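Contents: one structure, followed by commentary.
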Amino acid sequence: SADLTRDWQGNLALRHDHYSDFGGATTAKLSTRLALDRTLALRGAVSSNFRAPSLAQQGFAFTVTDRGDGGALSQVRTLPVDHPIARYLGAQDLKAETSRNASLGLSWQPSPAWSTTLDAYAIRVKNRITLSQRISRDGLAEELATKFGATGIDGVNFFTNALDTRTRGADLVTQWHGAALGGTLNLGWTASFNRTTVRGGDSVGLEEINTLTDASPRQRHILSANWQRGIWGLQARATRHGSTTRVFDFGDGFVPTQTYAAVWQLDLEAQVQLSRALNLSVGAVNATDRYPTRSIADISYFGNFPYDVLSPIGFNGAYYYARARLSF
């Protein structure tokens, strides 16, 4: 780290990791900050990154009952890549993910009480690990029973390095603090915008690609307020989760799709510090008891699963709590 001039700072970081089963990787980050005047600064960074496959991605196995071709219930098994059945169906050893990242932003502090930052970024991930498409075909269950003695398997998938992704986005953060109502008030607004696109993915299922791209909100806004006076504290947070689109592939060309509307979530908490050691609080998550858009019949298994499992607001409605914290 060095001050290159009075207004210009630069930072360089190098890191080396060695994994017993994946070898070594060297990553780096170069960042800089240039003060344009007393209140405004320009900043940017470029970096590389590395992530070895997790233990779950290498060794986890489970079986689910799902809808297969023609809508019939079937047993789908997720297998580790070194499982004989997975190898037989084309699985290969997992490689580490690598990424290249770049960001450019402005920070502005017009007064001691108010600050705002805006950063744009781009992230490229190579060899991203995700589930393969479901491998199922006529006679697969009998084929696997004959070759491996495994019965009741109608479909198989496994983790694979089958695609690359690119994410572009921007984050806006603005904060203000000052005196209010006899105490201290902190207000904040955070907004994030992003879009992920996929390259490759021929051997990855349509649902998995959807999970990486459109199943998560491209926009999210968070308005927060935190008030503190003596032993009392109040917090409120309103989050707007943007719209999402879900795609399901049930085989035979049956690909139901639905876009879920944006939804607001309100979280509240009040707390009191009764002593140096004891803090009591009550609160609510999703206090207004909001639910996501109900899924259409083709996606909800004809009403048995009315809400999408990937909804950012969940499907349990409001959650209320009381908490006591004792510090020793």
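Starting from 1 in every chain, residues are counted up; chains themselves are A, B, ... following the order of the structure tokens, and ligands are numbered from 1 as listed.
Among the residues of region 58-225 of chain A, backbone DSSP assigns helix (DSSP H, G or I) to A:Gln58, A:Gly59, A:Asp69, A:Gly70, A:Gly71, A:Pro84, A:Ile85, A:Ala86, A:Arg87, A:Tyr88, A:Leu140, A:Ala141, A:Glu142, A:Glu143, A:Leu144, A:Ala145, A:Thr146, A:Lys147, A:Phe148, A:Leu206, A:Glu207, A:Glu208, A:Ile209, A:Asn210, A:Thr211, A:Leu212.
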Could you take the residues named above and write them with C-alpha atoms, as an mmCIF file, in the first residue's frame?
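Wrote it out as part27.cif, contents follow:
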```
data_model
loop_
_atom_site.group_PDB
_atom_site.id
_atom_site.type_symbol
_atom_site.label_atom_id
_atom_site.label_comp_id
_atom_site.auth_asym_id
_atom_site.auth_seq_id
_atom_site.Cartn_x
_atom_site.Cartn_y
_atom_site.Cartn_z
ATOM 1 C CA GLN A 58 -17.659 -33.459 -4.298
ATOM 2 C CA GLY A 59 -19.263 -36.029 -2.036
ATOM 3 C CA ASP A 69 -41.238 -37.121 -18.471
ATOM 4 C CA GLY A 70 -44.957 -36.846 -19.052
ATOM 5 C CA GLY A 71 -45.508 -35.565 -15.512
ATOM 6 C CA PRO A 84 -19.486 -45.504 -10.718
ATOM 7 C CA ILE A 85 -22.945 -44.647 -12.053
ATOM 8 C CA ALA A 86 -22.025 -40.965 -12.451
ATOM 9 C CA ARG A 87 -18.813 -41.949 -14.251
ATOM 10 C CA TYR A 88 -20.776 -44.265 -16.510
ATOM 11 C CA LEU A 140 -32.354 -46.202 -17.826
ATOM 12 C CA ALA A 141 -33.693 -47.784 -14.619
ATOM 13 C CA GLU A 142 -33.331 -51.287 -16.055
ATOM 14 C CA GLU A 143 -29.899 -50.447 -17.484
ATOM 15 C CA LEU A 144 -28.559 -49.247 -14.114
ATOM 16 C CA ALA A 145 -30.127 -52.188 -12.296
ATOM 17 C CA THR A 146 -28.419 -54.629 -14.655
ATOM 18 C CA LYS A 147 -24.970 -52.997 -14.693
ATOM 19 C CA PHE A 148 -24.727 -51.758 -11.084
ATOM 20 C CA LEU A 206 -32.647 -25.446 -18.111
ATOM 21 C CA GLU A 207 -33.731 -25.144 -14.485
ATOM 22 C CA GLU A 208 -30.152 -24.766 -13.263
ATOM 23 C CA ILE A 209 -29.447 -22.011 -15.787
ATOM 24 C CA ASN A 210 -32.626 -20.268 -14.675
ATOM 25 C CA THR A 211 -31.484 -20.504 -11.029
ATOM 26 C CA LEU A 212 -28.252 -18.692 -11.916
#
```
| query | Residues at most 12 Å from region 49-54 of chain A, counting only C-alpha atoms, excluding those fewer than 2 positions away in the same chain, as a PyMOL selection string? | reply | chain A and resi 13-29+46-47+56-60+80-81+93-102+123-130+159-161
| said: Let me make sure I understand: among A:Arg276, A:His241, A:Arg218, A:Arg166, which one has the smallest atom-to-atom distance to Gly314 (chain A) if we use only C-alpha atoms? | reply: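 Answer, going by the shortest atom-to-atom distance: A:His241.
Pairwise distance (CA of Val309 (chain A), CA of Arg323 (chain A)) equals 27.7 Å.
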| task | Grab the CA of Arg290 (chain A) to CA of Arg246 (chain A) distance for me, in Å with one decimal place. | result |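 One can read the CA of Arg290 (chain A) to CA of Arg246 (chain A) distance as 19.5 Å.
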| field | Between CA of Ser311 (chain A) and CA of Thr196 (chain A) - distance in Å to one decimal | value | 17.7 Å
| Among region 98-325 of chain A, which ones does DSSP place in strand (DSSP E), written as a VMD selection string? | chain A and resid 98 to 111 114 to 131 155 to 157 159 to 180 183 to 200 219 to 229 232 to 241 244 to 247 257 to 260 263 to 273 278 to 285 319 to 325
